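Structure file model32.tsv with TSV, C-alpha atoms:
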chain	number	residue	atom	x	y	z
A	1	MET	CA	11.00	256.63	-83.21
A	2	ARG	CA	9.28	259.32	-81.18
A	3	ARG	CA	5.97	257.52	-81.61
A	4	ARG	CA	7.44	254.24	-80.41
A	5	LEU	CA	9.03	255.67	-77.25
A	6	PRO	CA	5.71	256.02	-75.35
A	7	LEU	CA	4.79	252.46	-76.37
A	8	ILE	CA	8.16	251.13	-75.15
A	9	VAL	CA	7.82	253.02	-71.85
A	10	LEU	CA	4.27	251.76	-71.44
A	11	GLY	CA	5.42	248.20	-72.18
A	12	VAL	CA	8.18	248.45	-69.57
A	13	ILE	CA	5.72	249.81	-66.98
A	14	VAL	CA	3.16	247.06	-67.69
A	15	THR	CA	5.86	244.37	-67.50
A	16	GLY	CA	7.12	245.83	-64.21
A	17	LEU	CA	3.61	245.86	-62.76
A	18	ALA	CA	3.01	242.27	-63.85
A	19	VAL	CA	6.24	241.13	-62.21
A	20	ALA	CA	5.39	243.04	-59.01
A	21	ALA	CA	1.87	241.57	-58.92
A	22	GLY	CA	3.25	238.05	-59.39
A	23	TRP	CA	5.82	238.57	-56.64
A	24	LEU	CA	3.17	239.90	-54.25
A	25	GLY	CA	0.97	236.92	-55.06
A	26	VAL	CA	3.74	234.47	-54.20
A	27	ILE	CA	4.51	236.30	-50.95
A	28	THR	CA	0.81	236.32	-50.03
A	29	LEU	CA	0.53	232.57	-50.61
A	30	GLN	CA	3.66	231.92	-48.53
A	31	ASN	CA	2.31	234.05	-45.68
A	32	LYS	CA	-1.05	232.27	-45.81
A	33	GLY	CA	0.72	228.89	-45.69
A	34	GLU	CA	2.76	229.99	-42.67
A	35	ALA	CA	-0.34	231.33	-40.92
A	36	ASP	CA	-2.17	228.06	-41.60
A	37	GLN	CA	0.71	226.00	-40.15
A	38	LYS	CA	0.89	228.25	-37.06
A	39	ALA	CA	-2.84	227.83	-36.50
A	40	LYS	CA	-2.56	224.05	-36.92
A	41	ALA	CA	0.34	223.82	-34.45
A	42	ILE	CA	-1.52	225.91	-31.86
A	43	GLN	CA	-4.70	223.85	-32.31
A	44	SER	CA	-2.74	220.59	-31.94
A	45	GLY	CA	-1.18	221.79	-28.69
A	46	ARG	CA	-4.52	223.01	-27.42
A	47	GLN	CA	-6.19	219.69	-28.26
A	48	MET	CA	-3.44	217.73	-26.50
A	49	GLY	CA	-3.98	219.85	-23.37
A	50	VAL	CA	-7.69	219.06	-23.50
A	51	ASN	CA	-6.97	215.36	-24.09
A	52	LEU	CA	-4.55	215.20	-21.15
A	53	MET	CA	-7.18	216.64	-18.82
A	54	SER	CA	-10.23	214.81	-20.20
A	55	LEU	CA	-9.93	211.44	-18.52
A	56	ASN	CA	-12.52	209.11	-17.14
A	57	ALA	CA	-12.05	205.68	-15.54
A	58	ASP	CA	-14.97	204.37	-17.62
A	59	THR	CA	-13.34	205.42	-20.92
A	60	ALA	CA	-9.68	205.28	-19.90
A	61	GLN	CA	-8.46	203.16	-22.82
A	62	LYS	CA	-10.19	205.38	-25.36
A	63	ASP	CA	-8.83	208.48	-23.61
A	64	LEU	CA	-5.31	207.07	-23.56
A	65	ASP	CA	-5.51	206.03	-27.22
A	66	ARG	CA	-6.52	209.60	-28.11
A	67	ILE	CA	-3.52	210.99	-26.21
A	68	VAL	CA	-1.06	208.54	-27.80
A	69	ALA	CA	-2.48	209.27	-31.29
A	70	GLY	CA	-1.50	212.92	-30.88
A	71	THR	CA	2.15	212.13	-30.12
A	72	THR	CA	5.24	210.99	-32.01
A	73	GLY	CA	8.78	209.78	-31.41
A	74	GLU	CA	10.12	208.95	-27.97
A	75	LEU	CA	7.11	210.49	-26.23
A	76	LYS	CA	4.77	208.16	-28.11
A	77	ASN	CA	6.94	205.16	-27.23
A	78	LYS	CA	7.09	206.20	-23.58
A	79	LEU	CA	3.33	206.69	-23.30
A	80	ALA	CA	2.62	203.40	-25.05
A	81	SER	CA	4.99	201.49	-22.78
A	82	GLN	CA	3.44	202.99	-19.63
A	83	SER	CA	-0.18	202.58	-20.73
A	84	LYS	CA	-0.97	199.53	-18.58
A	85	ALA	CA	0.26	201.20	-15.38
A	86	PHE	CA	-1.68	204.35	-16.29
A	87	MET	CA	-4.86	202.37	-16.99
A	88	ASP	CA	-4.57	200.47	-13.71
A	89	GLN	CA	-4.09	203.66	-11.73
A	90	VAL	CA	-6.98	205.56	-13.34
A	91	THR	CA	-9.47	202.70	-13.10
A	92	LYS	CA	-8.47	201.72	-9.55
A	93	ALA	CA	-8.94	205.29	-8.30
A	94	LYS	CA	-12.09	205.75	-10.39
A	95	ALA	CA	-10.56	209.02	-11.52
A	96	LYS	CA	-12.29	211.55	-13.66
A	97	SER	CA	-11.01	214.89	-14.85
A	98	THR	CA	-12.65	217.69	-16.75
A	99	VAL	CA	-11.19	220.75	-18.38
A	100	ASN	CA	-12.25	224.30	-19.15
A	101	ASP	CA	-10.69	227.70	-19.89
A	102	VAL	CA	-8.07	226.43	-22.36
A	103	GLU	CA	-5.59	228.87	-23.88
A	104	ALA	CA	-2.72	228.06	-26.23
A	105	ALA	CA	0.00	230.22	-27.75
A	106	LEU	CA	2.86	229.67	-30.15
A	107	VAL	CA	6.30	230.26	-28.64
A	108	SER	CA	8.42	229.46	-31.69
A	109	MET	CA	8.20	227.65	-35.00
A	110	ASP	CA	10.18	226.60	-38.04
A	111	ASP	CA	9.29	224.38	-41.00
A	112	ASP	CA	8.95	221.11	-39.09
A	113	SER	CA	8.95	221.93	-35.37
A	114	ALA	CA	7.11	224.22	-33.01
A	115	GLU	CA	6.87	225.03	-29.33
A	116	VAL	CA	3.43	225.75	-27.85
A	117	MET	CA	2.40	226.77	-24.34
A	118	VAL	CA	-0.99	225.55	-23.14
A	119	SER	CA	-2.75	226.85	-20.04
A	120	LEU	CA	-5.96	225.33	-18.74
A	121	THR	CA	-8.10	224.81	-15.70
A	122	GLY	CA	-8.93	221.24	-14.76
A	123	THR	CA	-10.89	219.51	-12.05
A	124	VAL	CA	-9.94	216.01	-10.91
A	125	THR	CA	-12.18	213.75	-8.85
A	126	ASN	CA	-11.68	210.19	-7.62
A	127	ASP	CA	-12.75	207.83	-4.83
A	128	LYS	CA	-11.06	209.93	-2.16
A	129	VAL	CA	-11.82	213.38	-3.60
A	130	LYS	CA	-15.51	213.41	-4.53
A	131	ASN	CA	-15.72	217.16	-5.25
A	132	GLY	CA	-12.56	218.31	-6.95
A	133	THR	CA	-11.33	221.86	-6.88
A	134	PRO	CA	-10.45	223.57	-10.16
A	135	GLN	CA	-6.70	223.94	-10.56
A	136	SER	CA	-4.56	225.62	-13.17
A	137	TYR	CA	-2.15	223.60	-15.30
A	138	ARG	CA	0.44	224.73	-17.82
A	139	TYR	CA	2.20	222.59	-20.38
A	140	GLN	CA	5.13	223.36	-22.61
A	141	MET	CA	4.84	221.18	-25.71
A	142	ASP	CA	7.33	220.50	-28.46
A	143	LEU	CA	5.58	219.60	-31.69
A	144	THR	CA	6.91	217.91	-34.80
A	145	ARG	CA	5.30	218.20	-38.20
A	146	VAL	CA	4.57	214.76	-39.63
A	147	ASP	CA	3.13	215.06	-43.14
A	148	ASP	CA	0.47	217.73	-42.61
A	149	ARG	CA	-0.17	217.01	-38.90
A	150	TRP	CA	1.47	218.54	-35.86
A	151	LEU	CA	2.17	215.87	-33.22
A	152	VAL	CA	3.50	216.36	-29.70
A	153	SER	CA	7.07	215.07	-29.41
A	154	GLY	CA	7.92	216.56	-26.01
A	155	LEU	CA	5.78	217.47	-23.03
A	156	GLU	CA	6.60	219.21	-19.79
A	157	VAL	CA	4.43	220.53	-16.98
A	158	VAL	CA	5.63	224.01	-16.10
A	159	PRO	CA	4.94	226.09	-12.97
Would you encode the structure as structure tokens?
Amino acid sequence: MRRRLPLIVLGVIVTGLAVAAGWLGVITLQNKGEADQKAKAIQSGRQMGVNLMSLNADTAQKDLDRIVAGTTGELKNKLASQSKAFMDQVTKAKAKSTVNDVEAALVSMDDDSAEVMVSLTGTVTNDKVKNGTPQSYRYQMDLTRVDDRWLVSGLEVVP
């Protein structure tokens, strides 16, 4: 029995280490999955900010389609229903906007929703304003996870 005791103790230690390694592996995978989803949500918010400020009268329909494609729910319905008025206004004014200095940060997140703040600098020109002045814009965006994509479901300009 004395000879078996070290083997039993060693077996218990090895089993304990195997269980601990497995548990740490599962935790690591969960944390990686969460980090990936956070990065995807932030990138989706950032891209929507860029899309909102990257408009050109010559490509207005394409620009609007890109914005609508990044949305879901009531926001998507609202944008789609107002698209004709938007198109008319942009093309009539011969508007063009460009963006730079984009920053995005995650405010909160759970399994299927997130809140992202996006800050950017944009310059708008049109028939009346030939040389636009860079201005700062900030958006608070609510995102909803649809399959493996994060889509904007709420949008607010914040001071």
All residues 10 Å or closer to Val68 of chain A, only C-alpha atoms, same chain fewer than 6 positions away omitted, as a ChimeraX atom specification | /A:48,51,62,75-80,83,151-152
Shell of 10 Å around segment 144-146 of chain A, all atoms listed in the file, local chain residues under 5 positions omitted, as a PyMOL selection string | chain A and resi 37+40-41+71-73+109-115+151-154
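What separates atom CA of Ser97 of chain A from atom CA of Leu64 of chain A is a distance of 13.0 Å.
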Residues near segment 125-129 of chain A, cut-off 8 Å, all atoms listed in the file, skip fewer than 3 positions along chain, as a list in words |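 With the cut-off at 8 Å, the set is Ala93, Lys94, Ala95, Lys96, Ser97 and Gly132 of chain A.
Distances here use all atoms listed in the file; by that measure, the residue among A:Val124, A:Val107, A:Val19, A:Ile13 closest to Asn56 of chain A is A:Val124.
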